[in-house]
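Asker: Dropping in start-v6.tsv, which is TSV, C-alpha atoms:
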```tsv
chain	number	residue	atom	x	y	z
A	1	MET	CA	-144.95	106.34	244.33
A	2	ASP	CA	-144.78	110.14	244.45
A	3	GLU	CA	-144.75	110.04	248.25
A	4	SER	CA	-142.46	107.03	248.54
A	5	ILE	CA	-140.87	106.33	251.91
A	6	LEU	CA	-138.39	103.90	250.38
A	7	CYS	CA	-134.96	105.40	249.78
A	8	HIS	CA	-132.04	103.40	248.35
A	9	GLU	CA	-129.57	106.30	248.36
A	10	CYS	CA	-130.24	108.17	251.62
A	11	LEU	CA	-127.29	108.25	254.01
A	12	PRO	CA	-127.67	107.20	257.66
A	13	ASN	CA	-128.09	109.92	260.27
A	14	PRO	CA	-128.23	109.91	264.08
A	15	GLU	CA	-132.02	109.65	264.04
A	16	GLY	CA	-132.37	107.59	260.87
A	17	VAL	CA	-134.81	104.74	260.57
A	18	THR	CA	-134.45	101.74	258.29
A	19	LEU	CA	-137.09	99.52	256.77
A	20	GLN	CA	-136.05	95.88	256.92
A	21	PHE	CA	-137.67	93.12	254.86
A	22	ARG	CA	-137.53	89.69	256.46
A	23	PRO	CA	-139.70	86.62	257.17
A	24	LEU	CA	-141.94	86.48	260.20
A	25	GLN	CA	-140.39	85.26	263.44
A	26	GLU	CA	-141.81	84.09	266.75
A	27	ASN	CA	-141.64	87.42	268.59
A	28	ASP	CA	-143.81	89.02	265.87
A	29	PHE	CA	-147.00	87.38	267.22
A	30	ASP	CA	-148.54	90.45	268.90
A	31	GLN	CA	-147.75	92.85	266.08
A	32	ILE	CA	-148.83	90.62	263.21
A	33	LYS	CA	-152.12	89.95	265.02
A	34	LEU	CA	-152.72	93.67	265.57
A	35	LEU	CA	-151.85	94.41	261.94
A	36	HIS	CA	-154.32	91.82	260.64
A	37	GLU	CA	-157.06	93.09	262.95
A	38	GLU	CA	-156.44	96.61	261.63
A	39	LEU	CA	-156.33	95.69	257.96
A	40	PHE	CA	-158.80	92.87	257.39
A	41	PRO	CA	-162.49	92.42	258.24
A	42	VAL	CA	-161.96	88.65	258.50
A	43	ARG	CA	-161.01	87.48	262.00
A	44	TYR	CA	-158.29	84.84	262.07
A	45	SER	CA	-157.94	82.20	264.76
A	46	ALA	CA	-155.15	82.02	267.32
A	47	GLU	CA	-154.02	78.86	265.55
A	48	PHE	CA	-153.47	80.89	262.37
A	49	TYR	CA	-151.11	83.31	264.16
A	50	ASP	CA	-149.36	80.50	266.05
A	51	ASN	CA	-148.46	78.95	262.72
A	52	VAL	CA	-147.66	81.97	260.55
A	53	ILE	CA	-144.99	83.20	262.96
A	54	LEU	CA	-143.36	79.79	262.40
A	55	ASN	CA	-143.81	80.25	258.63
A	56	GLN	CA	-145.99	77.20	258.28
A	57	THR	CA	-149.61	76.35	257.50
A	58	THR	CA	-151.91	74.72	260.03
A	59	ASN	CA	-150.95	71.33	258.59
A	60	GLY	CA	-147.24	72.06	258.92
A	61	LYS	CA	-146.33	72.93	255.31
A	62	PRO	CA	-143.95	75.85	254.71
A	63	LEU	CA	-145.33	79.34	254.20
A	64	TYR	CA	-143.81	82.32	252.45
A	65	SER	CA	-143.86	85.52	254.46
A	66	THR	CA	-142.20	88.89	254.20
A	67	ILE	CA	-142.77	91.73	256.61
A	68	ALA	CA	-141.64	95.33	256.39
A	69	ALA	CA	-140.32	96.27	259.83
A	70	LEU	CA	-139.10	99.67	260.94
A	71	LYS	CA	-135.85	99.68	262.88
A	72	HIS	CA	-133.97	102.56	264.46
A	73	ASN	CA	-130.25	102.65	263.72
A	74	ILE	CA	-129.58	102.65	267.48
A	75	ASP	CA	-131.33	99.28	267.65
A	76	GLU	CA	-129.13	98.10	264.82
A	77	GLU	CA	-125.98	98.82	266.83
A	78	ASN	CA	-127.18	96.50	269.60
A	79	ALA	CA	-128.70	93.84	267.36
A	80	ASP	CA	-127.10	90.64	266.15
A	81	PRO	CA	-127.54	90.67	262.34
A	82	SER	CA	-126.37	87.07	262.08
A	83	ALA	CA	-129.50	85.91	263.94
A	84	VAL	CA	-131.80	87.61	261.42
A	85	PHE	CA	-129.74	86.26	258.52
A	86	LEU	CA	-129.78	82.72	259.92
A	87	HIS	CA	-133.54	82.81	260.44
A	88	GLN	CA	-134.16	84.04	256.89
A	89	SER	CA	-131.75	81.50	255.42
A	90	GLN	CA	-133.37	78.61	257.27
A	91	THR	CA	-136.88	79.79	256.32
A	92	TYR	CA	-136.01	79.95	252.62
A	93	GLN	CA	-134.12	76.65	252.73
A	94	ARG	CA	-137.21	74.91	254.09
A	95	LEU	CA	-139.44	76.49	251.45
A	96	ALA	CA	-136.95	75.62	248.69
A	97	ARG	CA	-136.89	71.97	249.77
A	98	TYR	CA	-140.67	71.89	249.74
A	99	VAL	CA	-140.87	73.09	246.11
A	100	ASN	CA	-137.84	71.02	245.02
A	101	ILE	CA	-135.44	73.76	244.00
A	102	PRO	CA	-131.83	74.21	245.23
A	103	THR	CA	-132.29	77.66	246.74
A	104	PHE	CA	-133.98	81.05	246.44
A	105	LYS	CA	-131.93	84.07	245.44
A	106	GLU	CA	-133.45	85.96	248.41
A	107	GLN	CA	-131.97	83.43	250.83
A	108	GLY	CA	-128.67	85.25	251.27
A	109	VAL	CA	-129.98	88.82	251.35
A	110	ILE	CA	-131.44	90.86	254.18
A	111	GLU	CA	-132.80	93.91	252.40
A	112	GLN	CA	-132.72	97.13	254.34
A	113	LEU	CA	-133.69	100.59	253.07
A	114	TRP	CA	-133.20	103.95	254.71
A	115	VAL	CA	-136.37	105.82	255.62
A	116	THR	CA	-136.49	109.57	256.10
A	117	ASP	CA	-140.21	110.00	256.59
A	118	GLN	CA	-141.36	111.41	259.94
A	119	PHE	CA	-144.17	108.82	260.03
A	120	ALA	CA	-141.54	106.13	260.39
A	121	LYS	CA	-139.99	107.74	263.46
A	122	GLU	CA	-143.38	108.28	265.05
A	123	ALA	CA	-144.43	104.70	264.38
A	124	LEU	CA	-141.28	103.36	266.00
A	125	LYS	CA	-141.88	105.60	269.02
A	126	GLU	CA	-145.45	104.27	269.33
A	127	CYS	CA	-144.12	100.75	269.18
A	128	ARG	CA	-141.81	101.32	272.14
A	129	VAL	CA	-144.47	103.10	274.18
A	130	SER	CA	-146.90	100.21	273.66
A	131	GLY	CA	-144.33	97.74	274.94
A	132	LEU	CA	-143.87	95.84	271.68
A	133	ASN	CA	-140.47	94.68	270.51
A	134	SER	CA	-138.08	97.17	268.90
A	135	ASP	CA	-139.26	96.39	265.36
A	136	ARG	CA	-142.44	98.09	264.18
A	137	ILE	CA	-144.21	96.00	261.53
A	138	VAL	CA	-145.88	98.27	258.96
A	139	GLY	CA	-146.61	95.81	256.16
A	140	CYS	CA	-146.73	92.12	255.38
A	141	ILE	CA	-147.46	89.49	252.77
A	142	ILE	CA	-148.20	85.85	253.59
A	143	GLY	CA	-148.85	83.04	251.14
A	144	SER	CA	-148.27	79.41	250.27
A	145	PHE	CA	-147.60	77.09	247.35
A	146	VAL	CA	-150.50	74.77	246.54
A	147	GLU	CA	-150.46	71.68	244.37
A	148	VAL	CA	-153.13	71.60	241.65
A	149	THR	CA	-154.17	68.13	242.80
A	150	HIS	CA	-155.42	69.72	246.03
A	151	MET	CA	-157.56	72.28	244.21
A	152	LYS	CA	-161.05	72.08	242.75
A	153	ILE	CA	-160.94	70.98	239.11
A	154	ILE	CA	-162.93	74.00	237.96
A	155	THR	CA	-160.41	76.36	239.61
A	156	VAL	CA	-157.43	74.58	238.06
A	157	THR	CA	-159.16	74.62	234.67
A	158	ARG	CA	-159.55	78.37	234.87
A	159	LEU	CA	-156.08	79.16	236.15
A	160	VAL	CA	-153.72	76.64	234.55
A	161	ARG	CA	-153.49	75.66	230.89
A	162	SER	CA	-151.25	72.65	231.40
A	163	PRO	CA	-151.33	71.15	234.92
A	164	ALA	CA	-148.70	68.61	233.85
A	165	ILE	CA	-146.22	71.48	233.40
A	166	HIS	CA	-147.50	73.95	235.99
A	167	TYR	CA	-148.56	71.65	238.80
A	168	ARG	CA	-148.15	74.24	241.53
A	169	MET	CA	-149.94	77.50	242.23
A	170	PHE	CA	-149.19	80.23	244.76
A	171	TYR	CA	-151.95	81.62	246.96
A	172	ILE	CA	-151.62	85.04	248.58
A	173	MET	CA	-153.41	84.71	251.90
A	174	THR	CA	-152.93	88.26	253.22
A	175	LEU	CA	-151.25	91.42	251.98
A	176	GLY	CA	-151.41	94.90	253.42
A	177	ALA	CA	-149.74	97.97	254.88
A	178	THR	CA	-150.74	99.98	257.91
A	179	GLY	CA	-152.44	103.38	257.57
A	180	ASN	CA	-149.59	105.87	257.18
A	181	PHE	CA	-147.69	103.52	254.86
A	182	ARG	CA	-150.38	103.00	252.25
A	183	ARG	CA	-150.09	104.47	248.74
A	184	ARG	CA	-146.34	104.86	249.20
A	185	GLY	CA	-145.06	101.91	247.22
A	186	LEU	CA	-144.78	99.45	250.11
A	187	GLY	CA	-147.56	97.09	249.02
A	188	LYS	CA	-146.24	97.14	245.46
A	189	LYS	CA	-142.77	96.17	246.65
A	190	LEU	CA	-144.07	93.35	248.85
A	191	ILE	CA	-146.08	91.82	246.04
A	192	GLN	CA	-143.33	92.28	243.44
A	193	ASP	CA	-140.85	90.50	245.72
A	194	CYS	CA	-143.41	87.70	246.08
A	195	ILE	CA	-143.78	87.46	242.28
A	196	ASP	CA	-139.99	87.36	241.88
A	197	MET	CA	-139.84	84.52	244.39
A	198	ALA	CA	-142.66	82.49	242.80
A	199	GLU	CA	-141.15	82.87	239.33
A	200	GLN	CA	-138.10	80.94	240.53
A	201	VAL	CA	-140.35	77.89	240.96
A	202	THR	CA	-140.81	77.03	237.28
A	203	CYS	CA	-143.59	74.51	237.95
A	204	CYS	CA	-145.68	77.32	239.47
A	205	GLY	CA	-147.91	78.88	236.81
A	206	VAL	CA	-150.08	81.35	238.65
A	207	ILE	CA	-150.37	83.56	241.71
A	208	TYR	CA	-153.95	83.98	242.86
A	209	LEU	CA	-155.93	85.64	245.64
A	210	HIS	CA	-159.42	86.66	246.73
A	211	VAL	CA	-160.70	90.22	247.14
A	212	ILE	CA	-164.01	91.10	248.76
A	213	THR	CA	-166.18	92.78	246.13
A	214	TYR	CA	-166.57	96.13	247.90
A	215	ASN	CA	-162.82	96.70	248.37
A	216	LEU	CA	-162.40	98.98	245.38
A	217	ALA	CA	-158.96	100.24	246.43
A	218	ALA	CA	-157.57	96.68	246.51
A	219	ILE	CA	-159.25	95.87	243.18
A	220	ARG	CA	-157.62	98.87	241.49
A	221	PHE	CA	-154.27	98.00	243.10
A	222	TYR	CA	-154.20	94.42	241.83
A	223	GLU	CA	-155.48	95.28	238.36
A	224	LYS	CA	-152.81	97.98	238.02
A	225	LEU	CA	-150.18	95.35	238.82
A	226	GLY	CA	-151.43	93.04	236.07
A	227	PHE	CA	-153.79	90.71	237.93
A	228	TYR	CA	-156.82	89.47	235.98
A	229	ARG	CA	-160.29	89.24	237.49
A	230	MET	CA	-161.27	85.64	236.81
A	231	GLU	CA	-164.68	85.30	238.42
A	232	GLU	CA	-167.00	86.37	241.20
A	233	ILE	CA	-167.49	83.80	243.94
A	234	LYS	CA	-170.82	84.21	245.71
A	235	ASP	CA	-171.08	84.03	249.51
A	236	TYR	CA	-167.36	83.48	250.04
A	237	TYR	CA	-166.93	85.45	253.26
A	238	LYS	CA	-168.99	85.52	256.44
A	239	ILE	CA	-168.14	88.66	258.41
A	240	ASN	CA	-170.01	89.67	261.56
A	241	GLY	CA	-172.86	87.39	260.57
A	242	GLU	CA	-173.17	88.89	257.07
A	243	ILE	CA	-172.40	87.06	253.83
A	244	HIS	CA	-170.17	88.71	251.21
A	245	SER	CA	-168.99	87.70	247.76
A	246	CYS	CA	-165.43	87.99	246.47
A	247	TYR	CA	-163.51	88.19	243.21
A	248	LEU	CA	-160.85	85.67	242.24
A	249	TYR	CA	-157.78	87.42	240.81
A	250	ALA	CA	-154.82	85.77	239.06
A	251	TYR	CA	-151.34	86.77	237.89
A	252	PHE	CA	-149.83	84.36	235.35
A	253	ILE	CA	-146.13	83.44	235.44
A	254	ASN	CA	-143.57	81.05	233.96
A	255	GLY	CA	-145.22	80.77	230.56
A	256	ASN	CA	-148.68	79.92	231.86
A	257	ARG	CA	-151.52	81.96	230.38
A	258	ARG	CA	-155.22	82.39	230.87
A	259	SER	CA	-156.86	79.12	229.99
A	260	LEU	CA	-158.83	78.71	226.75
A	261	TYR	CA	-161.80	77.82	228.94
A	262	ASP	CA	-161.59	81.17	230.71
A	263	ILE	CA	-161.17	83.15	227.49
A	264	LEU	CA	-164.24	81.47	225.98
A	265	TYR	CA	-166.17	81.82	229.24
A	266	GLN	CA	-165.42	85.54	229.44
A	267	ALA	CA	-166.32	86.02	225.76
A	268	CYS	CA	-169.68	84.28	226.26
A	269	ASN	CA	-170.33	86.35	229.37
A	270	ASN	CA	-169.62	89.56	227.45
A	271	VAL	CA	-172.06	88.54	224.71
A	272	VAL	CA	-174.76	87.68	227.25
A	273	ASN	CA	-174.28	90.97	229.10
A	274	LYS	CA	-174.50	92.95	225.86
A	275	LEU	CA	-177.72	91.16	224.96
A	276	LYS	CA	-179.16	91.89	228.39
A	277	ARG	CA	-178.34	95.57	228.02
A	278	ALA	CA	-179.90	95.63	224.56
A	279	LEU	CA	-183.20	94.09	225.70
A	280	PRO	CA	-185.91	96.31	227.25
A	281	LEU	CA	-186.22	96.08	231.01
A	282	THR	CA	-190.02	95.72	230.85
A	283	SER	CA	-192.38	94.21	228.36
A	284	ASN	CA	-195.85	95.22	227.21
A	285	HIS	CA	-196.58	91.86	225.62
A	286	PRO	CA	-200.26	90.99	226.18
A	287	CYS	CA	-199.36	87.60	227.58
A	288	ARG	CA	-197.34	89.12	230.42
```
Using structure tokens, write down the structure from this file.
Answerer:
Amino acid sequence: MDESILCHECLPNPEGVTLQFRPLQENDFDQIKLLHEELFPVRYSAEFYDNVILNQTTNGKPLYSTIAALKHNIDEENADPSAVFLHQSQTYQRLARYVNIPTFKEQGVIEQLWVTDQFAKEALKECRVSGLNSDRIVGCIIGSFVEVTHMKIITVTRLVRSPAIHYRMFYIMTLGATGNFRRRGLGKKLIQDCIDMAEQVTCCGVIYLHVITYNLAAIRFYEKLGFYRMEEIKDYYKINGEIHSCYLYAYFINGNRRSLYDILYQACNNVVNKLKRALPLTSNHPCR
């Protein structure tokens, strides 16, 4: 975070810009669609965007979302902060009811950090020129809680030691930051806030996600944050007519650990790979 744009102690100034963290809302449709088209090779349907701006899945279950949105302090003077607070409170209340907890600690907080980076001011200017709303979304994370009973048995076996205790999992659907805001601590903050949220749901034992195998930057990012690579899933994505594999990554929480099955599986794989490396690539056996 040597080039961090996030500043907790900077004082406001006449041209200051703040970075606000809040759930998605209905007027974010255009920007969240543009952001996903910029960041991800997978193309999402209009139905996906129609639902995520309502913080719900396609079958109506609550989603978790946090966006990082640039705001100019002039906009703040004309804005109604109670509307943003009410939206966030209602979004978290719905999610809390879904996972059977009283409340989330984030429910009563609208986090806002001062930004002094020139990129922020330029991005906000671009947003206004393009006719988008006054917020400029520069990062987002979207995910959902999933019950283990709705997952494949093999996946649950690998990710959860005791499904009776940890009968929920959290799936990160999308996470990213736009060009000028990468490698500045924004993605790390978004995912850490997500982890903090999921840890409040004690029956949730793991946060998991998929990464396409050629995305080395994302792989390094998740591994640095403590995610384990669990397996490679062949032919998971179809992008522009081409098939691509992905890695399944997992971050264990609330006392859950890597399953014994996975530890043994990985150990056996390591032995097999060592044996393969030790064997000659070709053979001169007369029967060959």
Asker: Report the distance between atom CA of Val160 of chain A and atom CA of Arg257 of chain A in Å, rounded to one decimal place.
Answerer: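 For atom CA of Val160 of chain A relative to atom CA of Arg257 of chain A, the distance reads 7.1 Å.
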Asker: With all atoms listed in the file as the counted atoms, please give the residues lying no more than 10 Å from segment 25-28 of chain A, apart from itself and same-chain residues fewer than 5 positions off, as a list in words.
Answerer: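 Using all atoms listed in the file, the neighbours found are Lys33, Tyr49, Asp50, Asn51, Val52, Ile53, Leu54, Asn55, Ser65, Ile67, Val84, His87, Gln88, Thr91, Leu132, Asn133, Asp135, Arg136 and Ile137 of chain A.
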Asker: I need the residues from that last selection saved to file as a PDB file, keeping the file's coordinate frame (with C-alpha atoms), if you can.
Answerer:
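Result went into part_3.pdb, see below:
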```pdb
ATOM      1  CA  LYS A  33    -152.120  89.950 265.020  1.00  0.00           C
ATOM      2  CA  TYR A  49    -151.110  83.310 264.160  1.00  0.00           C
ATOM      3  CA  ASP A  50    -149.360  80.500 266.050  1.00  0.00           C
ATOM      4  CA  ASN A  51    -148.460  78.950 262.720  1.00  0.00           C
ATOM      5  CA  VAL A  52    -147.660  81.970 260.550  1.00  0.00           C
ATOM      6  CA  ILE A  53    -144.990  83.200 262.960  1.00  0.00           C
ATOM      7  CA  LEU A  54    -143.360  79.790 262.400  1.00  0.00           C
ATOM      8  CA  ASN A  55    -143.810  80.250 258.630  1.00  0.00           C
ATOM      9  CA  SER A  65    -143.860  85.520 254.460  1.00  0.00           C
ATOM     10  CA  ILE A  67    -142.770  91.730 256.610  1.00  0.00           C
ATOM     11  CA  VAL A  84    -131.800  87.610 261.420  1.00  0.00           C
ATOM     12  CA  HIS A  87    -133.540  82.810 260.440  1.00  0.00           C
ATOM     13  CA  GLN A  88    -134.160  84.040 256.890  1.00  0.00           C
ATOM     14  CA  THR A  91    -136.880  79.790 256.320  1.00  0.00           C
ATOM     15  CA  LEU A 132    -143.870  95.840 271.680  1.00  0.00           C
ATOM     16  CA  ASN A 133    -140.470  94.680 270.510  1.00  0.00           C
ATOM     17  CA  ASP A 135    -139.260  96.390 265.360  1.00  0.00           C
ATOM     18  CA  ARG A 136    -142.440  98.090 264.180  1.00  0.00           C
ATOM     19  CA  ILE A 137    -144.210  96.000 261.530  1.00  0.00           C
TER      20      ILE A 137
END
```
Asker: Rank A:Pro62, A:Gly241, A:Gly205, A:Pro41 by their smallest atom-to-atom distance to Arg158 of chain A, using all atoms listed in the file, and report the top residue only.
Answerer: A:Gly205
Asker: Which value, in Å to one decimal, gives the distance between atom CA of Gly179 of chain A and atom CA of Leu209 of chain A?
Answerer: 21.7 Å
Asker: Interatomic distance between atom CA of Gly60 of chain A and atom CA of Gly143 of chain A?
Answerer: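 Computing the Euclidean distance for atom CA of Gly60 of chain A and atom CA of Gly143 of chain A yields 13.6 Å.
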Asker: Point out the residue among A:Met169, A:Val156, A:Val272, A:Ala278 with the least atom-to-atom distance to Tyr251 of chain A, counting only C-alpha atoms.
Answerer: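 Comparing A:Met169, A:Val156, A:Val272, A:Ala278 against Tyr251 of chain A, the winner is A:Met169.
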Asker: When distances are computed from only C-alpha atoms, which of A:Asn254, A:Thr57, A:Thr155, A:Thr178 shows the smallest separation from Ala69 of chain A?
Answerer: A:Thr178
Asker: Would you compute, for all listed atoms of segment 173-192 of chain A, the axis-aligned bounding box grown by 3 Å on each side, and then report its centre and edge lengths in Å rounded to one decimal, as JSON?
Answerer:
```
{"center_x": -148.1, "center_y": 95.3, "center_z": 250.7, "size_x": 16.6, "size_y": 27.2, "size_z": 20.5}
```
Asker: Determine the nearest neighbour of Gln31 of chain A from the options A:Ile195, A:Cys140, A:Leu275, A:Cys204, counting all atoms listed in the file.
Answerer: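 Checking each of A:Ile195, A:Cys140, A:Leu275, A:Cys204 against Gln31 of chain A, counting all atoms listed in the file, the winner is A:Cys140.
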Asker: Select, from A:Pro23, A:Gly176, A:Gly187, A:Pro163, the residue with the minimum atom-to-atom distance to Cys203 of chain A, counting all atoms listed in the file.
Answerer: A:Pro163
Asker: Please determine, counting all atoms listed in the file, which residue among A:Thr103, A:Leu225, A:Leu70, A:Phe40 has the shortest atom-to-atom distance to Val211 of chain A.
Answerer: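 Smallest distance to Val211 of chain A is found for A:Phe40.
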Asker: Leaving out Tyr261 of chain A and any residue of its chain fewer than 2 positions from it, which residues lie within 10 Å of it when counting all atoms listed in the file, given as a list in words?
Answerer: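 Once the adjacent positions are removed, what remains is Ile154, Thr157, Arg158, Leu159, Val160, Arg161, Arg258, Ser259, Ile263, Leu264, Tyr265, Gln266 and Ala267 of chain A.
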Asker: Could you dump the residues just selected with C-alpha atoms as an mmCIF file, in the frame of the given file?
Answerer:
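This went into selection_21.cif:
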```cif
data_model
loop_
_atom_site.group_PDB
_atom_site.id
_atom_site.type_symbol
_atom_site.label_atom_id
_atom_site.label_comp_id
_atom_site.auth_asym_id
_atom_site.auth_seq_id
_atom_site.Cartn_x
_atom_site.Cartn_y
_atom_site.Cartn_z
ATOM 1 C CA ILE A 154 -162.930 74.000 237.960
ATOM 2 C CA THR A 157 -159.160 74.620 234.670
ATOM 3 C CA ARG A 158 -159.550 78.370 234.870
ATOM 4 C CA LEU A 159 -156.080 79.160 236.150
ATOM 5 C CA VAL A 160 -153.720 76.640 234.550
ATOM 6 C CA ARG A 161 -153.490 75.660 230.890
ATOM 7 C CA ARG A 258 -155.220 82.390 230.870
ATOM 8 C CA SER A 259 -156.860 79.120 229.990
ATOM 9 C CA ILE A 263 -161.170 83.150 227.490
ATOM 10 C CA LEU A 264 -164.240 81.470 225.980
ATOM 11 C CA TYR A 265 -166.170 81.820 229.240
ATOM 12 C CA GLN A 266 -165.420 85.540 229.440
ATOM 13 C CA ALA A 267 -166.320 86.020 225.760
#
```
Asker: At a cut-off of 9 Å, using only C-alpha atoms, what residues contact Thr213 of chain A? Leave out same-chain residues fewer than 2 positions from it and give the result as number ranges by chain.
Answerer: A: 211, 215-216, 219, 232, 244-247
